[in-house]
Amino acid sequence: MFEILRDNWTLLLIGQYPHGPLGGIVLTILLSLSALVIAFPLGILVALARISPFKALRAPATGLVYLVRGVPLLMVIFWVYFLVPVLTGYPVTGFVTMLCALVVYDSAYLGEIIRAGIEGLPRGQTEASRALGLSYMKTMRAVILPQALYNVVPSMVTQFVSTIKETSLGYIINVQEISFAADQINNRLLTKPFPVYLILALSYFALCYALTQFARHLERRVTRKRAGASVANAKASAVALAEPLPGKN
């Protein structure tokens, strides 16, 4: 296994770059990051549409979420791969196809994560903001969304972990990410599939484990801050109750 890793580490890391297209682990990370950077604002829009009082916004967003979550990612990839060239009239590269599929897929899942974060907040915050004269959009932007996004950071990191694993489907459309690189190595060696795919599994494990630990760290941090805020509020309430009312001995 170490011999395979020694002879092919550049292919696993960066693909054929600089003499060919970028690939390997670097492309896997780049594809995942690009998908989430684009999908994140779209996910916010999906979440806001899902809880919108206007049916014209809520119904399409709900339909999109149920449709995307109800089919495998592979099906979404095929839709994009065959449909986008027909609609645009131009050929689309495998990277762009995979990126579009991941954006659509992650937008639906991030939208549900953010929606859950919004609905997990006390309704009184929205009502108080509206009573103070804030518009619906300003209430969401200044009061609700910052808290909701903060609370769902661990879940969004977990979604990033899932996205990294989902990029492995890109080899079907010749996206030269790490699974594609491992397949190339296996086709060249022929007699050593187990160590090749063990290296692939360990590579995914290293990436996902690091992000999972990061998610746990964020979750512990969020929990500590929530606990600290609760203690502070309890102390403030106790002090307020202990103080005598004005005009009374």
# chains A, B, ... in the order shown; residues from 1 in each chain; ligands from 1
call {"tool": "residues_around", "arguments": {"residues": "Ser179 of chain A", "least_positions_apart": "6", "cutoff": "10 Å", "atoms": "only C-alpha atoms", "output": "number ranges by chain"}}
result
A: 12, 23-25, 28, 165, 167-172, 185, 197, 200-201, 203-204
call {"tool": "write_last_selection", "arguments": {"atoms": "N, CA and C atoms", "output": "compact mmCIF listing (two decimals), in the first residue's frame"}}
result
# COMPACT_ATOMS: atom_id res chain seq x y z
N LEU A 12 -3.27 11.29 -6.69
CA LEU A 12 -4.32 11.32 -5.68
C LEU A 12 -4.53 12.72 -5.12
N GLY A 23 -7.18 17.60 -10.35
CA GLY A 23 -8.02 16.49 -9.87
C GLY A 23 -7.64 16.10 -8.45
N GLY A 24 -7.97 14.87 -8.10
CA GLY A 24 -7.61 14.34 -6.79
C GLY A 24 -8.32 15.01 -5.63
N ILE A 25 -7.65 14.97 -4.48
CA ILE A 25 -8.23 15.52 -3.25
C ILE A 25 -8.49 17.02 -3.40
N THR A 28 -11.66 17.55 -5.18
CA THR A 28 -12.77 17.16 -4.31
C THR A 28 -13.12 18.28 -3.33
N LYS A 165 -18.45 13.53 0.47
CA LYS A 165 -18.66 12.13 0.06
C LYS A 165 -19.48 12.05 -1.23
N THR A 167 -19.30 13.98 -3.74
CA THR A 167 -18.49 14.29 -4.93
C THR A 167 -17.95 13.02 -5.59
N SER A 168 -17.94 11.91 -4.85
CA SER A 168 -17.43 10.66 -5.42
C SER A 168 -18.26 10.20 -6.62
N LEU A 169 -19.50 10.67 -6.72
CA LEU A 169 -20.33 10.30 -7.87
C LEU A 169 -19.87 11.00 -9.14
N GLY A 170 -18.99 11.97 -9.00
CA GLY A 170 -18.53 12.71 -10.17
C GLY A 170 -17.75 11.87 -11.16
N TYR A 171 -17.17 10.77 -10.69
CA TYR A 171 -16.37 9.95 -11.62
C TYR A 171 -17.23 9.37 -12.74
N ILE A 172 -18.54 9.28 -12.51
CA ILE A 172 -19.45 8.75 -13.53
C ILE A 172 -19.46 9.64 -14.78
N ILE A 185 -5.68 4.52 -11.07
CA ILE A 185 -4.58 3.75 -10.49
C ILE A 185 -4.91 2.27 -10.50
N TYR A 197 -8.21 0.95 -3.10
CA TYR A 197 -9.47 1.48 -2.57
C TYR A 197 -9.42 1.66 -1.05
N LEU A 200 -8.16 5.08 -0.87
CA LEU A 200 -9.28 5.98 -1.16
C LEU A 200 -10.18 6.15 0.06
N ALA A 201 -10.50 5.03 0.71
CA ALA A 201 -11.36 5.09 1.89
C ALA A 201 -10.71 5.88 3.01
N SER A 203 -8.54 8.23 2.68
CA SER A 203 -8.52 9.65 2.29
C SER A 203 -9.84 10.32 2.63
N TYR A 204 -10.94 9.66 2.26
CA TYR A 204 -12.26 10.21 2.60
C TYR A 204 -12.44 10.28 4.11
call {"tool": "closest_residue", "arguments": {"among": "A:Leu134, A:Ile173, A:Val196, A:Leu145", "to": "Phe82 of chain A", "atoms": "only C-alpha atoms"}}
result
A:Ile173
call {"tool": "closest_atom_pairs", "arguments": {"of": "segment 124-150 of chain A", "to": "segment 35-59 of chain A", "cutoff": "12 Å", "atoms": "only C-alpha atoms", "output": "CSV"}}
result
residue,atom,partner,partner_atom,distance
A:Tyr136,CA,A:Ser52,CA,9.8
A:Met137,CA,A:Leu48,CA,9.5
A:Thr139,CA,A:Leu48,CA,11.8
A:Met140,CA,A:Leu48,CA,8.6
A:Arg141,CA,A:Leu48,CA,10.5
A:Ile144,CA,A:Leu48,CA,10.8
A:Leu145,CA,A:Ile44,CA,8.8
A:Pro146,CA,A:Ile44,CA,11.4
A:Ala148,CA,A:Ile44,CA,10.6
A:Leu149,CA,A:Ile44,CA,9.3
call {"tool": "residues_around", "arguments": {"residues": "Val175 of chain A", "least_positions_apart": "5", "cutoff": "7 Å", "atoms": "only C-alpha atoms", "output": "VMD selection string"}}
result
chain A and resid 94 to 95 170 180
call {"tool": "closest_residue", "arguments": {"among": "A:Asn186, A:Thr191, A:Gln176, A:Thr223", "to": "Gln16 of chain A", "atoms": "only C-alpha atoms"}}
result
A:Gln176
call {"tool": "atom_distance", "arguments": {"atom1": "atom CA of Val143 of chain A", "atom2": "atom CA of Ile118 of chain A"}}
result
10.4 Å
call {"tool": "atom_distance", "arguments": {"atom1": "atom CA of Gly70 of chain A", "atom2": "atom CA of Pro85 of chain A"}}
result
24.1 Å
call {"tool": "residues_around", "arguments": {"residues": "Glu166 of chain A", "least_positions_apart": "3", "cutoff": "9 Å", "atoms": "only C-alpha atoms", "output": "list in words"}}
result
Ser32, Leu73, Leu102, Val161, Ser162, Thr163, Leu169 and Gly170 of chain A
call {"tool": "write_last_selection", "arguments": {"atoms": "C-alpha atoms", "output": "mmCIF file, in the first residue's frame"}}
result
data_model
loop_
_atom_site.group_PDB
_atom_site.id
_atom_site.type_symbol
_atom_site.label_atom_id
_atom_site.label_comp_id
_atom_site.auth_asym_id
_atom_site.auth_seq_id
_atom_site.Cartn_x
_atom_site.Cartn_y
_atom_site.Cartn_z
ATOM 1 C CA SER A 32 -17.359 20.769 -2.248
ATOM 2 C CA LEU A 73 -28.197 12.641 -6.162
ATOM 3 C CA LEU A 102 -24.484 19.649 -5.887
ATOM 4 C CA VAL A 161 -19.100 16.373 5.214
ATOM 5 C CA SER A 162 -21.910 14.757 3.229
ATOM 6 C CA THR A 163 -21.088 16.918 0.224
ATOM 7 C CA LEU A 169 -20.326 10.303 -7.867
ATOM 8 C CA GLY A 170 -18.532 12.711 -10.169
#
